[in-house]
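Structure data follow from model-v3.cif (mmCIF, N, CA and C atoms):
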```cif
data_upload
#
loop_
_atom_site.label_atom_id
_atom_site.label_comp_id
_atom_site.auth_asym_id
_atom_site.auth_seq_id
_atom_site.Cartn_x
_atom_site.Cartn_y
_atom_site.Cartn_z
N MET L 1 17.57 -22.68 -3.98
CA MET L 1 17.49 -21.95 -5.22
C MET L 1 18.80 -22.15 -6.00
N ALA L 2 18.66 -22.38 -7.30
CA ALA L 2 19.83 -22.59 -8.14
C ALA L 2 20.64 -21.31 -8.26
N LYS L 3 21.95 -21.46 -8.41
CA LYS L 3 22.84 -20.32 -8.59
C LYS L 3 23.48 -20.42 -9.96
N TYR L 4 23.63 -19.26 -10.60
CA TYR L 4 24.18 -19.19 -11.95
C TYR L 4 25.27 -18.14 -11.99
N GLN L 5 26.20 -18.33 -12.90
CA GLN L 5 27.24 -17.33 -13.09
C GLN L 5 26.64 -16.10 -13.75
N PHE L 6 26.95 -14.94 -13.20
CA PHE L 6 26.44 -13.67 -13.69
C PHE L 6 26.66 -13.54 -15.19
N LEU L 7 25.62 -13.11 -15.88
CA LEU L 7 25.58 -12.82 -17.31
C LEU L 7 25.52 -14.05 -18.23
N THR L 8 25.43 -15.24 -17.66
CA THR L 8 25.20 -16.39 -18.52
C THR L 8 23.73 -16.39 -18.94
N GLU L 9 23.40 -17.14 -19.96
CA GLU L 9 22.00 -17.21 -20.40
C GLU L 9 21.09 -17.66 -19.26
N GLU L 10 21.56 -18.62 -18.46
CA GLU L 10 20.75 -19.13 -17.35
C GLU L 10 20.51 -18.05 -16.31
N TRP L 11 21.55 -17.26 -16.02
CA TRP L 11 21.40 -16.18 -15.05
C TRP L 11 20.41 -15.14 -15.56
N VAL L 12 20.53 -14.75 -16.83
CA VAL L 12 19.64 -13.74 -17.40
C VAL L 12 18.19 -14.24 -17.35
N ASP L 13 17.98 -15.50 -17.70
CA ASP L 13 16.61 -16.06 -17.65
C ASP L 13 16.05 -16.03 -16.23
N ALA L 14 16.88 -16.40 -15.24
CA ALA L 14 16.43 -16.39 -13.84
C ALA L 14 16.16 -14.96 -13.37
N ALA L 15 16.99 -14.01 -13.77
CA ALA L 15 16.78 -12.61 -13.38
C ALA L 15 15.51 -12.06 -14.01
N LYS L 16 15.25 -12.42 -15.27
CA LYS L 16 14.01 -11.97 -15.92
C LYS L 16 12.79 -12.55 -15.21
N GLN L 17 12.88 -13.78 -14.76
CA GLN L 17 11.77 -14.40 -14.05
C GLN L 17 11.49 -13.65 -12.74
N ILE L 18 12.54 -13.26 -12.04
CA ILE L 18 12.36 -12.48 -10.82
C ILE L 18 11.65 -11.17 -11.13
N ARG L 19 12.08 -10.48 -12.18
CA ARG L 19 11.44 -9.22 -12.56
C ARG L 19 9.97 -9.43 -12.94
N GLU L 20 9.68 -10.52 -13.65
CA GLU L 20 8.30 -10.80 -14.07
C GLU L 20 7.40 -11.05 -12.86
N GLU L 21 7.93 -11.66 -11.82
CA GLU L 21 7.15 -11.95 -10.62
C GLU L 21 6.67 -10.68 -9.92
N ILE L 22 7.42 -9.61 -10.07
CA ILE L 22 7.05 -8.35 -9.38
C ILE L 22 6.58 -7.29 -10.36
N GLU L 23 6.41 -7.67 -11.62
CA GLU L 23 6.00 -6.72 -12.65
C GLU L 23 4.75 -5.95 -12.22
N GLY L 24 4.79 -4.66 -12.40
CA GLY L 24 3.67 -3.81 -12.04
C GLY L 24 3.74 -3.28 -10.62
N ASP L 25 4.56 -3.90 -9.77
CA ASP L 25 4.68 -3.46 -8.38
C ASP L 25 5.79 -2.44 -8.18
N VAL L 26 6.74 -2.40 -9.10
CA VAL L 26 7.88 -1.51 -8.98
C VAL L 26 7.59 -0.21 -9.72
N PRO L 27 7.88 0.94 -9.10
CA PRO L 27 7.66 2.21 -9.80
C PRO L 27 8.49 2.27 -11.08
N ALA L 28 8.04 3.06 -12.02
CA ALA L 28 8.76 3.23 -13.28
C ALA L 28 10.15 3.81 -12.99
N PRO L 29 11.15 3.39 -13.76
CA PRO L 29 12.48 3.98 -13.59
C PRO L 29 12.42 5.49 -13.82
N PRO L 30 13.26 6.25 -13.12
CA PRO L 30 13.19 7.70 -13.23
C PRO L 30 13.63 8.25 -14.59
N HIS L 31 14.39 7.47 -15.37
CA HIS L 31 14.88 7.93 -16.66
C HIS L 31 14.69 6.85 -17.71
N ALA L 32 14.27 7.26 -18.90
CA ALA L 32 14.14 6.33 -20.02
C ALA L 32 15.47 6.27 -20.76
N VAL L 33 16.00 5.07 -20.89
CA VAL L 33 17.27 4.90 -21.60
C VAL L 33 17.29 3.53 -22.26
N ARG L 34 17.90 3.49 -23.42
CA ARG L 34 18.15 2.24 -24.14
C ARG L 34 19.67 2.11 -24.22
N LEU L 35 20.22 1.22 -23.40
CA LEU L 35 21.66 1.12 -23.17
C LEU L 35 22.19 -0.23 -23.64
N ASN L 36 23.13 -0.21 -24.58
CA ASN L 36 23.85 -1.42 -24.96
C ASN L 36 25.11 -1.51 -24.12
N ILE L 37 25.45 -2.73 -23.70
CA ILE L 37 26.58 -2.96 -22.81
C ILE L 37 27.50 -4.01 -23.44
N VAL L 38 28.78 -3.67 -23.54
CA VAL L 38 29.80 -4.63 -23.95
C VAL L 38 30.58 -4.95 -22.68
N THR L 39 30.47 -6.18 -22.21
CA THR L 39 31.12 -6.58 -20.97
C THR L 39 32.42 -7.30 -21.30
N THR L 40 33.53 -6.76 -20.81
CA THR L 40 34.86 -7.32 -21.08
C THR L 40 35.34 -8.13 -19.89
N GLU L 41 36.43 -8.84 -20.10
CA GLU L 41 37.08 -9.62 -19.04
C GLU L 41 36.11 -10.62 -18.40
N VAL L 42 35.27 -11.22 -19.24
CA VAL L 42 34.28 -12.19 -18.78
C VAL L 42 35.01 -13.50 -18.45
N PRO L 43 34.73 -14.09 -17.27
CA PRO L 43 35.46 -15.29 -16.86
C PRO L 43 34.96 -16.59 -17.50
N PHE L 44 34.08 -16.49 -18.48
CA PHE L 44 33.61 -17.68 -19.19
C PHE L 44 33.52 -17.34 -20.68
N GLY L 45 33.52 -18.34 -21.51
CA GLY L 45 33.41 -18.11 -22.96
C GLY L 45 34.70 -17.56 -23.53
N ASP L 46 34.66 -17.30 -24.84
CA ASP L 46 35.85 -16.86 -25.55
C ASP L 46 35.83 -15.40 -25.96
N SER L 47 34.78 -14.68 -25.58
CA SER L 47 34.69 -13.30 -26.04
C SER L 47 33.92 -12.45 -25.03
N ASP L 48 33.79 -11.18 -25.39
CA ASP L 48 33.00 -10.26 -24.58
C ASP L 48 31.53 -10.68 -24.62
N VAL L 49 30.76 -10.24 -23.64
CA VAL L 49 29.31 -10.50 -23.62
C VAL L 49 28.59 -9.21 -23.96
N GLU L 50 27.70 -9.28 -24.94
CA GLU L 50 26.87 -8.15 -25.29
C GLU L 50 25.52 -8.30 -24.61
N ALA L 51 25.08 -7.22 -23.97
CA ALA L 51 23.79 -7.21 -23.28
C ALA L 51 23.18 -5.83 -23.47
N HIS L 52 21.95 -5.68 -22.99
CA HIS L 52 21.32 -4.36 -23.04
C HIS L 52 20.39 -4.17 -21.85
N LEU L 53 20.15 -2.91 -21.56
CA LEU L 53 19.23 -2.51 -20.53
C LEU L 53 18.30 -1.48 -21.17
N ASP L 54 17.00 -1.66 -20.98
CA ASP L 54 16.03 -0.77 -21.63
C ASP L 54 14.96 -0.38 -20.62
N THR L 55 14.86 0.92 -20.35
CA THR L 55 13.82 1.41 -19.45
C THR L 55 12.82 2.29 -20.20
N SER L 56 12.90 2.32 -21.53
CA SER L 56 12.05 3.22 -22.32
C SER L 56 10.57 2.84 -22.28
N GLY L 57 10.25 1.62 -21.90
CA GLY L 57 8.86 1.19 -21.80
C GLY L 57 8.25 1.39 -20.42
N GLY L 58 8.98 2.06 -19.52
CA GLY L 58 8.45 2.33 -18.18
C GLY L 58 8.81 1.28 -17.15
N GLU L 59 9.57 0.27 -17.55
CA GLU L 59 10.07 -0.73 -16.60
C GLU L 59 11.45 -1.17 -17.05
N LEU L 60 12.21 -1.74 -16.13
CA LEU L 60 13.56 -2.17 -16.43
C LEU L 60 13.53 -3.51 -17.15
N LYS L 61 14.17 -3.57 -18.31
CA LYS L 61 14.32 -4.82 -19.06
C LYS L 61 15.79 -5.00 -19.34
N MET L 62 16.32 -6.18 -19.02
CA MET L 62 17.71 -6.50 -19.31
C MET L 62 17.74 -7.84 -20.03
N ASP L 63 18.57 -7.92 -21.06
CA ASP L 63 18.68 -9.18 -21.81
C ASP L 63 20.03 -9.21 -22.51
N LEU L 64 20.36 -10.37 -23.05
CA LEU L 64 21.57 -10.51 -23.82
C LEU L 64 21.34 -9.96 -25.22
N GLY L 65 22.43 -9.61 -25.91
CA GLY L 65 22.35 -9.04 -27.24
C GLY L 65 22.20 -7.54 -27.17
N HIS L 66 22.33 -6.90 -28.32
CA HIS L 66 22.24 -5.44 -28.38
C HIS L 66 20.94 -4.98 -29.01
N LEU L 67 20.49 -3.81 -28.61
CA LEU L 67 19.33 -3.15 -29.21
C LEU L 67 19.77 -2.49 -30.51
N ASP L 68 18.87 -2.46 -31.49
CA ASP L 68 19.20 -1.83 -32.77
C ASP L 68 19.36 -0.33 -32.65
N GLU L 69 18.52 0.32 -31.87
CA GLU L 69 18.55 1.78 -31.76
C GLU L 69 18.75 2.19 -30.31
N ALA L 70 19.98 2.03 -29.83
CA ALA L 70 20.30 2.37 -28.45
C ALA L 70 20.65 3.85 -28.32
N ASP L 71 20.39 4.41 -27.14
CA ASP L 71 20.80 5.78 -26.85
C ASP L 71 22.31 5.88 -26.69
N LEU L 72 22.89 4.83 -26.12
CA LEU L 72 24.32 4.79 -25.97
C LEU L 72 24.79 3.35 -25.79
N THR L 73 26.08 3.17 -26.04
CA THR L 73 26.73 1.88 -25.85
C THR L 73 27.95 2.12 -24.97
N ILE L 74 28.07 1.29 -23.94
CA ILE L 74 29.22 1.40 -23.04
C ILE L 74 30.01 0.11 -23.03
N SER L 75 31.25 0.22 -22.63
CA SER L 75 32.12 -0.92 -22.38
C SER L 75 32.45 -0.90 -20.90
N ILE L 76 32.34 -2.06 -20.25
CA ILE L 76 32.57 -2.17 -18.82
C ILE L 76 33.12 -3.56 -18.51
N ASP L 77 34.01 -3.64 -17.55
CA ASP L 77 34.54 -4.96 -17.20
C ASP L 77 33.52 -5.74 -16.35
N TYR L 78 33.63 -7.04 -16.42
CA TYR L 78 32.69 -7.96 -15.76
C TYR L 78 32.57 -7.69 -14.26
N ALA L 79 33.70 -7.55 -13.57
CA ALA L 79 33.66 -7.38 -12.12
C ALA L 79 32.92 -6.10 -11.73
N THR L 80 33.12 -5.04 -12.48
CA THR L 80 32.45 -3.77 -12.17
C THR L 80 30.95 -3.88 -12.42
N LEU L 81 30.58 -4.46 -13.56
CA LEU L 81 29.15 -4.60 -13.86
C LEU L 81 28.46 -5.48 -12.82
N LYS L 82 29.13 -6.55 -12.41
CA LYS L 82 28.56 -7.42 -11.37
C LYS L 82 28.38 -6.66 -10.06
N ALA L 83 29.35 -5.82 -9.70
CA ALA L 83 29.24 -5.02 -8.47
C ALA L 83 28.04 -4.08 -8.54
N ILE L 84 27.80 -3.51 -9.72
CA ILE L 84 26.69 -2.57 -9.88
C ILE L 84 25.35 -3.30 -9.88
N VAL L 85 25.24 -4.37 -10.68
CA VAL L 85 23.95 -5.05 -10.86
C VAL L 85 23.62 -5.98 -9.70
N VAL L 86 24.55 -6.81 -9.32
CA VAL L 86 24.27 -7.83 -8.29
C VAL L 86 24.40 -7.25 -6.88
N ASP L 87 25.50 -6.54 -6.63
CA ASP L 87 25.74 -6.02 -5.29
C ASP L 87 25.07 -4.67 -5.05
N GLN L 88 24.48 -4.09 -6.12
CA GLN L 88 23.82 -2.78 -6.04
C GLN L 88 24.77 -1.71 -5.50
N ASN L 89 26.05 -1.82 -5.88
CA ASN L 89 27.07 -0.90 -5.41
C ASN L 89 27.25 0.24 -6.43
N GLN L 90 26.42 1.27 -6.31
CA GLN L 90 26.48 2.39 -7.25
C GLN L 90 27.79 3.17 -7.12
N GLN L 91 28.38 3.17 -5.94
CA GLN L 91 29.65 3.86 -5.75
C GLN L 91 30.74 3.20 -6.59
N ALA L 92 30.70 1.87 -6.70
CA ALA L 92 31.69 1.16 -7.53
C ALA L 92 31.57 1.62 -8.98
N GLY L 93 30.34 1.85 -9.42
CA GLY L 93 30.13 2.33 -10.78
C GLY L 93 30.70 3.71 -11.00
N MET L 94 30.47 4.61 -10.07
CA MET L 94 30.99 5.98 -10.20
C MET L 94 32.52 5.98 -10.16
N GLN L 95 33.09 5.17 -9.26
CA GLN L 95 34.55 5.09 -9.18
C GLN L 95 35.14 4.51 -10.46
N ALA L 96 34.48 3.49 -11.01
CA ALA L 96 34.96 2.88 -12.25
C ALA L 96 34.88 3.86 -13.41
N PHE L 97 33.81 4.65 -13.46
CA PHE L 97 33.67 5.64 -14.52
C PHE L 97 34.78 6.68 -14.43
N MET L 98 35.03 7.17 -13.23
CA MET L 98 36.07 8.18 -13.03
C MET L 98 37.46 7.61 -13.35
N ALA L 99 37.64 6.31 -13.15
CA ALA L 99 38.93 5.67 -13.43
C ALA L 99 39.05 5.22 -14.89
N GLY L 100 38.02 5.46 -15.68
CA GLY L 100 38.08 5.08 -17.09
C GLY L 100 37.76 3.62 -17.35
N LYS L 101 37.22 2.93 -16.37
CA LYS L 101 36.88 1.51 -16.55
C LYS L 101 35.52 1.34 -17.22
N ILE L 102 34.72 2.40 -17.25
CA ILE L 102 33.46 2.41 -18.00
C ILE L 102 33.65 3.42 -19.12
N LYS L 103 33.58 2.93 -20.35
CA LYS L 103 33.81 3.80 -21.50
C LYS L 103 32.54 3.91 -22.32
N VAL L 104 32.21 5.12 -22.73
CA VAL L 104 31.10 5.34 -23.64
C VAL L 104 31.64 5.13 -25.05
N ILE L 105 31.16 4.08 -25.71
CA ILE L 105 31.61 3.76 -27.07
C ILE L 105 30.91 4.65 -28.08
N GLN L 106 29.62 4.84 -27.90
CA GLN L 106 28.85 5.73 -28.78
C GLN L 106 27.62 6.21 -28.04
N GLY L 107 27.13 7.36 -28.45
CA GLY L 107 25.86 7.84 -27.92
C GLY L 107 25.95 8.96 -26.92
N ASP L 108 24.85 9.15 -26.23
CA ASP L 108 24.60 10.28 -25.35
C ASP L 108 25.01 9.98 -23.92
N MET L 109 26.18 10.46 -23.52
CA MET L 109 26.69 10.19 -22.19
C MET L 109 25.80 10.80 -21.10
N THR L 110 25.05 11.85 -21.41
CA THR L 110 24.19 12.45 -20.39
C THR L 110 23.13 11.47 -19.92
N LYS L 111 22.71 10.53 -20.79
CA LYS L 111 21.74 9.50 -20.38
C LYS L 111 22.34 8.60 -19.30
N LEU L 112 23.62 8.26 -19.47
CA LEU L 112 24.31 7.43 -18.47
C LEU L 112 24.43 8.17 -17.15
N MET L 113 24.77 9.45 -17.21
CA MET L 113 24.91 10.24 -15.99
C MET L 113 23.56 10.39 -15.28
N ALA L 114 22.49 10.58 -16.05
CA ALA L 114 21.15 10.70 -15.45
C ALA L 114 20.76 9.40 -14.76
N MET L 115 21.07 8.28 -15.40
CA MET L 115 20.78 6.97 -14.78
C MET L 115 21.52 6.82 -13.47
N ALA L 116 22.80 7.17 -13.47
CA ALA L 116 23.62 7.02 -12.27
C ALA L 116 23.12 7.90 -11.14
N GLN L 117 22.68 9.11 -11.47
CA GLN L 117 22.21 10.03 -10.44
C GLN L 117 20.80 9.71 -9.99
N GLY L 118 20.04 9.02 -10.85
CA GLY L 118 18.65 8.70 -10.52
C GLY L 118 18.51 7.71 -9.39
N GLY L 119 19.51 6.85 -9.24
CA GLY L 119 19.46 5.87 -8.17
C GLY L 119 18.37 4.84 -8.39
N ALA L 120 18.22 3.96 -7.45
CA ALA L 120 17.23 2.89 -7.55
C ALA L 120 15.92 3.36 -6.96
N ALA L 121 14.85 3.15 -7.71
CA ALA L 121 13.51 3.48 -7.20
C ALA L 121 12.88 2.19 -6.69
N GLY L 122 11.97 2.29 -5.78
CA GLY L 122 11.25 1.10 -5.38
C GLY L 122 11.39 0.73 -3.93
N GLY L 123 12.30 1.36 -3.20
CA GLY L 123 12.43 1.14 -1.77
C GLY L 123 12.56 -0.31 -1.37
N ASP L 124 11.65 -0.76 -0.48
CA ASP L 124 11.72 -2.12 0.06
C ASP L 124 11.59 -3.17 -1.04
N LEU L 125 10.74 -2.94 -2.01
CA LEU L 125 10.56 -3.90 -3.09
C LEU L 125 11.84 -4.03 -3.92
N GLN L 126 12.49 -2.91 -4.20
CA GLN L 126 13.75 -2.94 -4.94
C GLN L 126 14.81 -3.70 -4.15
N ALA L 127 14.83 -3.52 -2.84
CA ALA L 127 15.77 -4.24 -1.99
C ALA L 127 15.48 -5.75 -2.03
N GLU L 128 14.21 -6.11 -2.07
CA GLU L 128 13.82 -7.52 -2.17
C GLU L 128 14.29 -8.12 -3.50
N VAL L 129 14.10 -7.38 -4.58
CA VAL L 129 14.55 -7.85 -5.89
C VAL L 129 16.07 -8.01 -5.89
N ALA L 130 16.77 -7.04 -5.33
CA ALA L 130 18.23 -7.11 -5.27
C ALA L 130 18.68 -8.34 -4.48
N ALA L 131 18.01 -8.65 -3.38
CA ALA L 131 18.34 -9.83 -2.59
C ALA L 131 18.11 -11.11 -3.38
N LYS L 132 17.03 -11.16 -4.16
CA LYS L 132 16.75 -12.34 -4.98
C LYS L 132 17.80 -12.49 -6.08
N ILE L 133 18.22 -11.38 -6.66
CA ILE L 133 19.27 -11.42 -7.68
C ILE L 133 20.56 -11.96 -7.08
N GLN L 134 20.88 -11.53 -5.86
CA GLN L 134 22.08 -12.04 -5.20
C GLN L 134 21.95 -13.54 -4.93
N GLU L 135 20.76 -14.01 -4.59
CA GLU L 135 20.54 -15.43 -4.31
C GLU L 135 20.78 -16.31 -5.53
N ILE L 136 20.52 -15.82 -6.73
CA ILE L 136 20.68 -16.65 -7.93
C ILE L 136 22.08 -16.55 -8.52
N THR L 137 22.93 -15.69 -7.95
CA THR L 137 24.24 -15.43 -8.52
C THR L 137 25.33 -16.14 -7.72
N GLU L 138 26.16 -16.88 -8.46
CA GLU L 138 27.30 -17.53 -7.77
C GLU L 138 28.49 -16.63 -7.74
#
```
Write out the structure in this file as structure tokens.
Amino acid sequence: MAKYQFLTEEWVDAAKQIREEIEGDVPAPPHAVRLNIVTTEVPFGDSDVEAHLDTSGGELKMDLGHLDEADLTISIDYATLKAIVVDQNQQAGMQAFMAGKIKVIQGDMTKLMAMAQGGAAGGDLQAEVAAKIQEITE
């Protein structure tokens, strides 16, 4: 299986393909949120990477670029976001938030806290998706 650098267009396309393969099998996320993400300290390119996560349609959607009407926008460094998304290390996210490494730029911070407390739904299937995400990430 090909490996891609986290948050590159190729990685996002491969991650979306993994999600599409299991579409309908994963329970709906526990909280609806439209989250814009500004990723700093990216080890490629000349600038920050803008991405978004949207669970308002009952499933997790992640893509590059920002949503027009997001509930909130956060800033997070690349290493922390990779630890959360690829390594599924929710503790790293909480520690980064407490240390000020995750900043709410605009919007409703309670949505972010609800997401963090909601945890991952899906049990074995979610673990399988996480393993596939790790397989495509260099």
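Considering only C-alpha atoms, the residue among L:Leu53, L:Met62, L:Ile84, L:Ala79 positioned nearest to Ala32 of chain L is L:Leu53.
Against the coordinates shown, the PyMOL selection byres ((chain L and resi 90-101) around 6.5) returns Ser75, Ile76, Asp77, Thr80, Ala83, Ile84, Asp87, Gln88, Asn89, Ile102 and Lys103 of chain L.
What separates atom C of Ala130 of chain L from atom CA of Arg19 of chain L is a distance of 10.9 Å.
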If I wrap all listed atoms of segment 92-107 of chain L in a box with edges along x, y and z and add 5 Å on each side, what are its centre and edge lengths in Å to one decimal, as lines of an AutoDock Vina configuration file?
```
center_x = 32.5
center_y = 5.1
center_z = -17.7
size_x = 23.2
size_y = 17.8
size_z = 32.1
```
Legend entry - Nearest-residue call for Glu10 of chain L, choices L:Ala116, L:Ala127, L:Leu64, L:Ile74, using only C-alpha atoms: L:Leu64
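All residues in segment 1-53 of chain L with a DSSP state of strand (DSSP E or B), computed from the backbone, read Tyr4, Arg34, Leu35, Asn36, Ile37, Val38, Thr39, Thr40, Val49, Glu50, Ala51, His52 and Leu53 of chain L.
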